[in-house]
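data_38.txt (compact mmCIF, C-alpha atoms and all ligand atoms) appears below.
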# COMPACT_ATOMS: atom_id res chain seq x y z
CA MET A 1 18.21 0.45 -5.67
CA LYS A 2 18.18 2.71 -2.61
CA ILE A 3 14.93 2.68 -0.62
CA SER A 4 13.92 5.62 1.57
CA LEU A 5 11.09 4.91 3.96
CA VAL A 6 9.45 7.79 5.81
CA ILE A 7 7.78 6.83 9.09
CA PRO A 8 5.41 9.53 10.37
CA THR A 9 5.29 9.10 14.12
CA TYR A 10 2.65 10.43 16.50
CA LYS A 11 1.79 8.97 19.91
CA LYS A 12 3.56 5.70 19.09
CA GLN A 13 6.23 5.59 21.77
CA ARG A 14 5.11 2.10 22.81
CA GLU A 15 5.28 0.56 19.32
CA VAL A 16 7.89 2.55 17.43
CA LEU A 17 11.03 0.66 18.53
CA ASP A 18 9.42 -2.59 17.53
CA GLN A 19 8.72 -1.14 14.09
CA LEU A 20 12.26 0.27 13.84
CA GLU A 21 13.75 -3.17 14.63
CA LYS A 22 11.47 -4.96 12.19
CA LEU A 23 12.08 -2.58 9.29
CA TYR A 24 15.83 -2.29 9.92
CA GLY A 25 16.28 -6.04 10.21
CA TYR A 26 14.16 -6.83 7.17
CA LEU A 27 15.69 -4.23 4.86
CA SER A 28 19.24 -5.12 5.98
CA ARG A 29 18.55 -8.63 4.71
CA VAL A 30 16.62 -8.00 1.49
CA ASN A 31 17.79 -4.54 0.35
CA PRO A 32 20.74 -3.20 2.38
CA ASP A 33 20.81 0.09 0.49
CA PHE A 34 18.14 1.95 2.48
CA GLU A 35 17.36 4.76 4.89
CA LEU A 36 14.63 4.98 7.52
CA ILE A 37 13.45 8.53 8.14
CA PHE A 38 11.37 8.87 11.29
CA VAL A 39 9.44 12.12 11.45
CA VAL A 40 8.30 12.80 14.99
CA ASP A 41 5.09 14.73 14.38
CA GLY A 42 5.14 16.90 17.52
CA TYR A 43 7.30 16.53 20.61
CA ILE A 44 4.35 15.60 22.80
CA ASP A 45 5.86 12.48 24.39
CA ASN A 46 9.25 10.71 24.60
CA THR A 47 9.23 9.27 21.06
CA LYS A 48 12.16 11.40 19.85
CA ASP A 49 14.43 10.53 22.79
CA ILE A 50 13.49 6.86 22.72
CA LEU A 51 14.33 6.60 19.02
CA GLU A 52 17.56 8.60 19.20
CA LYS A 53 18.86 6.65 22.19
CA TYR A 54 18.13 3.28 20.60
CA ILE A 55 19.65 4.27 17.25
CA LYS A 56 22.83 5.53 18.92
CA GLU A 57 23.21 2.57 21.25
CA ASN A 58 22.80 0.08 18.44
CA GLY A 59 24.77 1.97 15.80
CA LEU A 60 21.89 2.05 13.33
CA THR A 61 23.56 4.39 10.85
CA LYS A 62 20.78 4.03 8.29
CA ALA A 63 18.08 5.39 10.60
CA LEU A 64 17.47 9.10 10.99
CA VAL A 65 15.15 11.01 13.32
CA LEU A 66 13.60 14.31 12.23
CA GLY A 67 10.79 16.20 13.86
CA TYR A 68 9.34 19.43 15.16
CA ARG A 69 7.67 20.73 18.28
CA GLU A 70 3.98 20.95 17.29
CA ASN A 71 1.75 18.24 15.92
CA LYS A 72 0.89 18.95 12.26
CA GLY A 73 -0.64 15.73 10.93
CA LYS A 74 0.35 12.67 8.91
CA GLY A 75 0.36 14.54 5.59
CA TYR A 76 2.70 17.26 6.81
CA ALA A 77 5.01 14.70 8.42
CA ILE A 78 5.23 12.63 5.24
CA ARG A 79 6.07 15.65 3.08
CA TYR A 80 8.65 16.77 5.64
CA GLY A 81 10.39 13.39 5.46
CA MET A 82 10.09 12.96 1.70
CA LYS A 83 11.80 16.29 1.04
CA ARG A 84 14.88 14.90 2.76
CA ALA A 85 14.79 11.43 1.20
CA THR A 86 17.68 10.42 -1.05
CA GLY A 87 16.49 7.04 -2.37
CA ASP A 88 15.59 5.89 -5.89
CA VAL A 89 12.40 4.67 -4.27
CA VAL A 90 10.62 6.83 -1.68
CA GLY A 91 7.75 5.53 0.40
CA PHE A 92 6.05 5.71 3.74
CA VAL A 93 4.92 3.24 6.34
CA ASP A 94 3.00 3.57 9.62
CA ALA A 95 4.96 3.75 12.86
CA ASP A 96 3.11 0.89 14.53
CA THR A 97 3.56 -2.78 13.65
CA ASP A 98 -0.01 -3.38 12.49
CA ILE A 99 1.11 -4.07 8.93
CA GLN A 100 2.80 -7.43 8.40
CA ILE A 101 6.31 -7.00 7.08
CA ARG A 102 5.58 -9.32 4.16
CA THR A 103 3.46 -6.52 2.65
CA LEU A 104 6.75 -4.63 2.27
CA GLY A 105 8.28 -7.70 0.61
CA TYR A 106 5.54 -7.70 -2.03
CA ALA A 107 5.89 -3.94 -2.48
CA LEU A 108 9.68 -4.10 -3.00
CA ASN A 109 9.38 -6.85 -5.62
CA GLU A 110 6.88 -4.76 -7.58
CA ILE A 111 8.61 -1.37 -7.36
CA LYS A 112 11.82 -2.94 -8.73
CA LYS A 113 10.05 -3.46 -12.07
CA ASP A 114 10.96 -0.77 -14.61
CA THR A 115 7.37 -0.07 -15.64
CA VAL A 116 5.94 0.24 -12.11
CA MET A 117 5.95 3.80 -10.72
CA ALA A 118 3.97 3.22 -7.52
CA VAL A 119 2.89 0.31 -5.34
CA ILE A 120 -0.36 0.57 -3.42
CA PRO A 121 -1.77 -2.22 -1.25
CA SER A 122 -5.50 -2.93 -1.20
CA LYS A 123 -7.64 -4.61 1.43
CA LEU A 124 -9.88 -5.70 -1.45
CA HIS A 125 -7.11 -7.63 -3.26
CA LYS A 126 -8.09 -11.31 -3.45
CA ASP A 127 -4.97 -12.43 -1.54
CA SER A 128 -5.28 -9.84 1.26
CA ASN A 129 -5.59 -10.89 4.84
CA VAL A 130 -7.26 -8.23 6.97
CA GLU A 131 -9.58 -8.64 9.90
CA MET A 132 -11.44 -5.51 10.92
CA THR A 133 -14.17 -4.68 13.38
CA LEU A 134 -17.53 -3.77 11.85
CA ASN A 135 -16.96 -0.14 12.83
CA ARG A 136 -13.59 -0.01 11.10
CA LYS A 137 -15.05 -1.73 8.01
CA ILE A 138 -17.82 0.83 7.69
CA VAL A 139 -15.39 3.75 8.02
CA SER A 140 -12.85 2.17 5.69
CA TYR A 141 -15.22 1.16 2.87
CA GLY A 142 -17.23 4.37 3.27
CA LEU A 143 -14.06 6.39 2.73
CA ILE A 144 -13.08 4.31 -0.31
CA ALA A 145 -16.50 5.06 -1.84
CA ILE A 146 -16.17 8.80 -1.13
CA ASN A 147 -12.68 8.83 -2.66
CA ARG A 148 -13.84 7.03 -5.79
CA LEU A 149 -16.81 9.33 -6.17
CA LEU A 150 -14.99 12.63 -5.75
CA LEU A 151 -11.44 12.11 -6.97
CA ARG A 152 -9.66 11.16 -10.15
CA LEU A 153 -8.21 7.95 -8.79
CA PRO A 154 -6.24 5.70 -11.10
CA ARG A 155 -8.55 3.02 -12.59
CA ASN A 156 -7.10 0.00 -10.82
CA ILE A 157 -7.13 1.59 -7.36
CA THR A 158 -9.57 -0.14 -5.00
CA ASP A 159 -8.25 1.12 -1.66
CA VAL A 160 -6.80 4.38 -0.41
CA GLY A 161 -5.77 4.42 3.23
CA CYS A 162 -3.36 1.49 3.66
CA GLY A 163 -0.39 2.68 5.69
CA LEU A 164 2.37 1.57 3.34
CA LYS A 165 3.06 2.98 -0.10
CA LEU A 166 6.14 3.05 -2.37
CA PHE A 167 6.91 5.39 -5.26
CA LYS A 168 9.72 5.91 -7.76
CA LYS A 169 11.72 9.05 -7.03
CA GLU A 170 10.71 10.71 -10.36
CA LEU A 171 7.05 10.41 -9.41
CA ILE A 172 7.56 11.98 -5.98
CA GLU A 173 9.66 14.82 -7.43
CA ARG A 174 6.87 15.59 -9.84
CA ILE A 175 3.91 15.50 -7.42
CA LEU A 176 5.46 16.70 -4.13
CA PRO A 177 5.10 20.43 -4.94
CA ASN A 178 1.33 19.88 -5.50
CA LEU A 179 0.67 18.20 -2.15
CA LYS A 180 -0.99 20.43 0.44
CA VAL A 181 -3.05 18.22 2.76
CA ASN A 182 -1.71 18.05 6.31
CA ARG A 183 -3.78 15.27 7.84
CA PHE A 184 -4.95 11.79 6.82
CA ALA A 185 -6.31 12.68 3.35
CA ILE A 186 -2.69 12.86 2.12
CA ASP A 187 -3.15 9.33 0.72
CA SER A 188 -6.15 10.54 -1.32
CA GLU A 189 -4.25 13.59 -2.54
CA ILE A 190 -1.27 11.50 -3.66
CA LEU A 191 -3.48 9.04 -5.55
CA ASN A 192 -5.40 11.89 -7.17
CA GLU A 193 -2.12 13.42 -8.40
CA ILE A 194 -0.96 10.05 -9.75
CA GLY A 195 -4.34 9.63 -11.48
CA LYS A 196 -3.92 13.00 -13.21
CA VAL A 197 -0.54 12.09 -14.65
CA GLY A 198 -1.54 8.49 -15.41
CA TYR A 199 1.42 6.69 -13.90
CA ASN A 200 1.45 2.89 -13.83
CA ILE A 201 0.49 1.57 -10.39
CA SER A 202 0.83 -1.96 -9.11
CA VAL A 203 -1.84 -2.99 -6.59
CA ILE A 204 -0.67 -5.59 -4.10
CA PRO A 205 -2.35 -7.55 -1.28
CA PHE A 206 -2.40 -6.11 2.22
CA PHE A 207 -1.64 -8.14 5.33
CA LEU A 208 -2.55 -6.86 8.77
CA ASN A 209 -1.50 -8.39 12.07
CA LYS A 210 -4.24 -9.72 14.33
CA ASN A 211 -3.16 -7.87 17.48
CA ARG A 212 -3.24 -4.27 16.51
CA SER A 213 -2.92 -0.96 18.29
CA ALA A 214 -6.07 1.12 18.55
CA SER A 215 -7.02 3.06 15.46
CA THR A 216 -6.62 6.81 15.73
CA SER A 217 -7.84 7.74 12.26
CA ALA A 218 -11.25 6.06 12.52
CA ASN A 219 -12.83 8.62 14.83
CA ILE A 220 -15.43 11.25 14.03
CA LYS A 221 -13.05 14.19 14.14
CA GLU A 222 -10.38 12.66 11.88
CA VAL A 223 -12.94 11.17 9.48
CA SER A 224 -14.77 14.48 9.07
CA THR A 225 -11.46 16.30 8.49
CA MET A 226 -10.61 13.65 5.92
CA ILE A 227 -13.93 14.11 4.09
CA LYS A 228 -13.53 17.89 4.18
CA ASP A 229 -10.00 17.58 2.75
CA ILE A 230 -11.16 15.16 0.03
CA LEU A 231 -13.88 17.67 -0.92
CA MET A 232 -11.29 20.44 -1.10
CA ILE A 233 -9.02 18.34 -3.32
CA SER A 234 -11.97 17.56 -5.57
CA MET A 235 -13.05 21.21 -5.75
CA LYS A 236 -9.55 22.37 -6.59
CA GLU A 237 -9.80 20.21 -9.70
CA SER A 238 -13.16 21.59 -10.78
CA ARG A 239 -13.00 24.32 -13.40
CA VAL A 240 -16.55 25.43 -12.56
CA PHE A 241 -15.63 25.92 -8.93
CA ASN A 242 -12.43 27.72 -9.79
CA SER A 243 -14.16 30.13 -12.14
CA LEU A 244 -16.89 30.80 -9.54
CA ILE A 245 -14.24 31.64 -6.95
CA LEU A 246 -12.41 33.82 -9.43
CA LYS A 247 -15.62 35.72 -10.30
CA GLU A 248 -16.37 36.28 -6.66
CA TYR A 249 -12.84 37.46 -6.18
CA LYS A 250 -13.09 39.98 -8.98
CA GLY A 251 -16.28 41.20 -7.33
N1 LIG B 301 -3.41 9.94 14.43
C1 LIG B 301 -2.38 10.61 13.93
N2 LIG B 301 -1.41 9.90 13.34
C2 LIG B 301 -0.37 10.58 12.86
C3 LIG B 301 -0.28 11.99 12.98
N3 LIG B 301 0.88 12.37 12.41
C4 LIG B 301 1.48 11.26 11.99
N4 LIG B 301 0.74 10.16 12.25
C5 LIG B 301 1.08 8.78 11.88
O1 LIG B 301 0.15 8.29 10.93
C6 LIG B 301 0.18 6.87 10.92
C7 LIG B 301 -1.21 6.28 10.97
O2 LIG B 301 -1.76 6.58 12.21
P1 LIG B 301 -2.42 5.47 13.13
O3 LIG B 301 -2.56 6.06 14.47
O4 LIG B 301 -1.69 4.19 12.99
O5 LIG B 301 -3.83 5.40 12.48
P2 LIG B 301 -4.78 4.19 12.24
O6 LIG B 301 -6.10 4.62 12.70
O7 LIG B 301 -4.18 2.93 12.71
O8 LIG B 301 -4.87 4.25 10.71
P3 LIG B 301 -4.48 3.17 9.69
O9 LIG B 301 -3.21 2.53 10.22
O10 LIG B 301 -4.28 3.95 8.42
O11 LIG B 301 -5.64 2.26 9.66
C8 LIG B 301 1.04 6.47 12.10
O12 LIG B 301 2.33 6.18 11.64
C9 LIG B 301 1.04 7.72 12.97
O13 LIG B 301 2.16 7.80 13.78
C10 LIG B 301 -1.33 12.72 13.62
O14 LIG B 301 -1.32 13.93 13.74
N5 LIG B 301 -2.35 11.97 14.07
MG MG B 302 -2.22 2.17 12.76

Could you take the file, read its structure, and then write that structure out as structure tokens?
Amino acid sequence: MKISLVIPTYKKQREVLDQLEKLYGYLSRVNPDFELIFVVDGYIDNTKDILEKYIKENGLTKALVLGYRENKGKGYAIRYGMKRATGDVVGFVDADTDIQIRTLGYALNEIKKDTVMAVIPSKLHKDSNVEMTLNRKIVSYGLIAINRLLLRLPRNITDVGCGLKLFKKELIERILPNLKVNRFAIDSEILNEIGKVGYNISVIPFFLNKNRSASTSANIKEVSTMIKDILMISMKESRVFNSLILKEYKG
């Protein structure tokens, strides 16, 4: 089973080689049929050169670097990479090494099952191991509540924003044309699409490393954009809203 992992990369030039080494080494051992697709989300630092140089020097033929000049957001970067993925399983993972690699081990075991179409980790799973600051907890659980309130999430989903998710290719082919969100609410949009179709999801535990890089999503600007995007996704689904817009349109 070929695995394609998209790694959206923004301001991670300090961590990204570490993540490349970890993912490449791990997948070479457990599932050698794979590709790593780094999407450099804006050429604002040396990430692209650092990655390309390392990949060339070490002959890492299964790693690919894509990218573009301007920063567009995690959602845009993920779609950009997924469109070029060739695996039977297509997923994404954060560019830093905050997530313990064993989360990927759990995810691979689950996605190999015929009936499982997507694997989503949850911080609320009983076996999870995540330590967060109070601030991060408030943001994280607040966002989960907003997602559950406004979106059609699949029933067993208890968490939204974990930075590692795997999907069967058929699922991605079906939902990719409907994805529009450019920034962090892409995770919400994907889960909402899966909820609409009713695909079978396996929820797995989430393991975070203790020494983590600073969070860039848990700030006021990103969180308010996320809430605005979640509202937009929710409104798009609402017939009442759509008919109001249409009426206004017709004058
Ligand atoms: N902040 C940010 N991250 C981006 C962007 N585009 C892609 N990313 C990637 O999105 C992923 C998550 O971003 P992080 O900076 O790790 O955010 P975080 O606050 O740690 O969020 P979580 O890991 O989801 O808790 C990383 O792989 C980033 O490289 C962008 O425009 N802004
Ligand atoms: Mg992170």

Practice item. Would you please work out which residue, of A:Ala95, A:Ala63, A:Leu17, A:Leu51, is nearest to Glu35 (chain A) when using all atoms listed in the file? Key: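 So, comparing all the options, the nearest one is A:Ala63.
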
Practice item. Go ahead and compute the interatomic distance for CA of Asp18 (chain A) and CA of Arg136 (chain A), in Å to one decimal. Key: 24.0 Å

Rows by chain and residue number, chain A within 7 Å of ligand LIG 301 (chain B), shortest pair, only C-alpha atoms and all ligand atoms, as JSON lines:
{"residue": "A:Ile7", "atom": "CA", "partner": "B:LIG301", "partner_atom": "O12", "distance": 6.1}
{"residue": "A:Pro8", "atom": "CA", "partner": "B:LIG301", "partner_atom": "C4", "distance": 4.6}
{"residue": "A:Thr9", "atom": "CA", "partner": "B:LIG301", "partner_atom": "O13", "distance": 3.4}
{"residue": "A:Tyr10", "atom": "CA", "partner": "B:LIG301", "partner_atom": "O13", "distance": 3.8}
{"residue": "A:Lys11", "atom": "CA", "partner": "B:LIG301", "partner_atom": "O13", "distance": 6.3}
{"residue": "A:Lys12", "atom": "CA", "partner": "B:LIG301", "partner_atom": "O13", "distance": 5.9}
{"residue": "A:Asp41", "atom": "CA", "partner": "B:LIG301", "partner_atom": "N3", "distance": 5.2}
{"residue": "A:Asn71", "atom": "CA", "partner": "B:LIG301", "partner_atom": "O14", "distance": 5.7}
{"residue": "A:Lys72", "atom": "CA", "partner": "B:LIG301", "partner_atom": "O14", "distance": 5.7}
{"residue": "A:Gly73", "atom": "CA", "partner": "B:LIG301", "partner_atom": "O14", "distance": 3.4}
{"residue": "A:Lys74", "atom": "CA", "partner": "B:LIG301", "partner_atom": "N3", "distance": 3.6}
{"residue": "A:Ala77", "atom": "CA", "partner": "B:LIG301", "partner_atom": "C4", "distance": 6.1}
{"residue": "A:Val93", "atom": "CA", "partner": "B:LIG301", "partner_atom": "O12", "distance": 6.6}
{"residue": "A:Asp94", "atom": "CA", "partner": "B:LIG301", "partner_atom": "O12", "distance": 3.4}
{"residue": "A:Ala95", "atom": "CA", "partner": "B:LIG301", "partner_atom": "O12", "distance": 3.8}
{"residue": "A:Asp96", "atom": "CA", "partner": "B:LIG301", "partner_atom": "O4", "distance": 6.0}
{"residue": "A:Gly161", "atom": "CA", "partner": "B:LIG301", "partner_atom": "O10", "distance": 5.4}
{"residue": "A:Cys162", "atom": "CA", "partner": "B:LIG301", "partner_atom": "O10", "distance": 5.4}
{"residue": "A:Gly163", "atom": "CA", "partner": "B:LIG301", "partner_atom": "O10", "distance": 4.9}
{"residue": "A:Arg183", "atom": "CA", "partner": "B:LIG301", "partner_atom": "O14", "distance": 6.5}
{"residue": "A:Ser213", "atom": "CA", "partner": "B:LIG301", "partner_atom": "O7", "distance": 6.9}
{"residue": "A:Ala214", "atom": "CA", "partner": "B:LIG301", "partner_atom": "O7", "distance": 6.4}
{"residue": "A:Ser215", "atom": "CA", "partner": "B:LIG301", "partner_atom": "O6", "distance": 3.3}
{"residue": "A:Thr216", "atom": "CA", "partner": "B:LIG301", "partner_atom": "O6", "distance": 3.8}
{"residue": "A:Ser217", "atom": "CA", "partner": "B:LIG301", "partner_atom": "O6", "distance": 3.6}
{"residue": "A:Ala218", "atom": "CA", "partner": "B:LIG301", "partner_atom": "O6", "distance": 5.4}

Could you save those same residues with C-alpha atoms as an mmCIF file, in the coordinates of the input?
data_model
loop_
_atom_site.group_PDB
_atom_site.id
_atom_site.type_symbol
_atom_site.label_atom_id
_atom_site.label_comp_id
_atom_site.auth_asym_id
_atom_site.auth_seq_id
_atom_site.Cartn_x
_atom_site.Cartn_y
_atom_site.Cartn_z
ATOM 1 C CA ILE A 7 7.780 6.830 9.090
ATOM 2 C CA PRO A 8 5.410 9.530 10.370
ATOM 3 C CA THR A 9 5.290 9.100 14.120
ATOM 4 C CA TYR A 10 2.650 10.430 16.500
ATOM 5 C CA LYS A 11 1.790 8.970 19.910
ATOM 6 C CA LYS A 12 3.560 5.700 19.090
ATOM 7 C CA ASP A 41 5.090 14.730 14.380
ATOM 8 C CA ASN A 71 1.750 18.240 15.920
ATOM 9 C CA LYS A 72 0.890 18.950 12.260
ATOM 10 C CA GLY A 73 -0.640 15.730 10.930
ATOM 11 C CA LYS A 74 0.350 12.670 8.910
ATOM 12 C CA ALA A 77 5.010 14.700 8.420
ATOM 13 C CA VAL A 93 4.920 3.240 6.340
ATOM 14 C CA ASP A 94 3.000 3.570 9.620
ATOM 15 C CA ALA A 95 4.960 3.750 12.860
ATOM 16 C CA ASP A 96 3.110 0.890 14.530
ATOM 17 C CA GLY A 161 -5.770 4.420 3.230
ATOM 18 C CA CYS A 162 -3.360 1.490 3.660
ATOM 19 C CA GLY A 163 -0.390 2.680 5.690
ATOM 20 C CA ARG A 183 -3.780 15.270 7.840
ATOM 21 C CA SER A 213 -2.920 -0.960 18.290
ATOM 22 C CA ALA A 214 -6.070 1.120 18.550
ATOM 23 C CA SER A 215 -7.020 3.060 15.460
ATOM 24 C CA THR A 216 -6.620 6.810 15.730
ATOM 25 C CA SER A 217 -7.840 7.740 12.260
ATOM 26 C CA ALA A 218 -11.250 6.060 12.520
#

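Separating CA of Ala185 (chain A) from CA of Glu21 (chain A) is a distance of 27.9 Å.
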
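For the pair CA of Gly195 (chain A) and CA of Leu153 (chain A), the interatomic distance is 5.0 Å.
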
**Study point:** A:Ile99, A:Asn182, A:Val65, A:Leu108 ranked by distance to Asn209 (chain A), top pick (using all atoms listed in the file)
**Key:**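 Counting all atoms listed in the file, the residue closest to Asn209 (chain A) is A:Ile99.
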
Point to revise | A:Phe167, A:Thr97, A:Lys53, A:Ile172 ranked by distance to ligand MG 302 (chain B), top pick (using only C-alpha atoms and all ligand atoms) | key: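 Once distances to ligand MG 302 (chain B) are computed over only C-alpha atoms and all ligand atoms, the minimum belongs to A:Thr97.
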
**Study point:** For ligand MG 302 (chain B), the nearest of the candidates A:Asp159, A:Glu170, A:Glu70, A:Asp98, counting all atoms listed in the file
**Key:**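 For ligand MG 302 (chain B), the nearest of the given residues is A:Asp98.
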
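With all atoms listed in the file as the atoms that count, the residue of A:Ile220, A:Leu164, A:Val30, A:Leu5 with the shortest distance to ligand MG 302 (chain B) is A:Leu164.
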
Practice item. Could you check which of A:Asp33, A:Glu57, A:Glu15, A:Glu237 is closest to ligand MG 302 (chain B), using only C-alpha atoms and all ligand atoms? Key: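 Closest to ligand MG 302 (chain B), using only C-alpha atoms and all ligand atoms: A:Glu15.
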
Test item: residues at most 8 Å from Ile78 (chain A), only C-alpha atoms, excluding those fewer than 2 positions along its chain, as a short mmCIF file (atom, residue, chain, number, x, y, z; two decimals) with C-alpha atoms, in the coordinates of the input:
data_model
loop_
_atom_site.label_atom_id
_atom_site.label_comp_id
_atom_site.auth_asym_id
_atom_site.auth_seq_id
_atom_site.Cartn_x
_atom_site.Cartn_y
_atom_site.Cartn_z
CA VAL A 6 9.45 7.79 5.81
CA ILE A 7 7.78 6.83 9.09
CA PRO A 8 5.41 9.53 10.37
CA VAL A 39 9.44 12.12 11.45
CA LYS A 74 0.35 12.67 8.91
CA GLY A 75 0.36 14.54 5.59
CA TYR A 76 2.70 17.26 6.81
CA TYR A 80 8.65 16.77 5.64
CA GLY A 81 10.39 13.39 5.46
CA MET A 82 10.09 12.96 1.70
CA PHE A 92 6.05 5.71 3.74
#

**Study point:** Long-range neighbours of Ala145 (chain A) as a PyMOL selection string, 12 Å cut-off, all atoms listed in the file, 4 positions minimum in chain
**Key:** chain A and resi 138-141+149-151+153+157-161+188+227+230

Review point. Do you know which residues are at most 7 Å from region 123-132 of chain A counting only C-alpha atoms, after dropping those on the same chain fewer than 6 positions away, and could you put them as a ChimeraX atom specification?
Key: /A:158-159,204-208
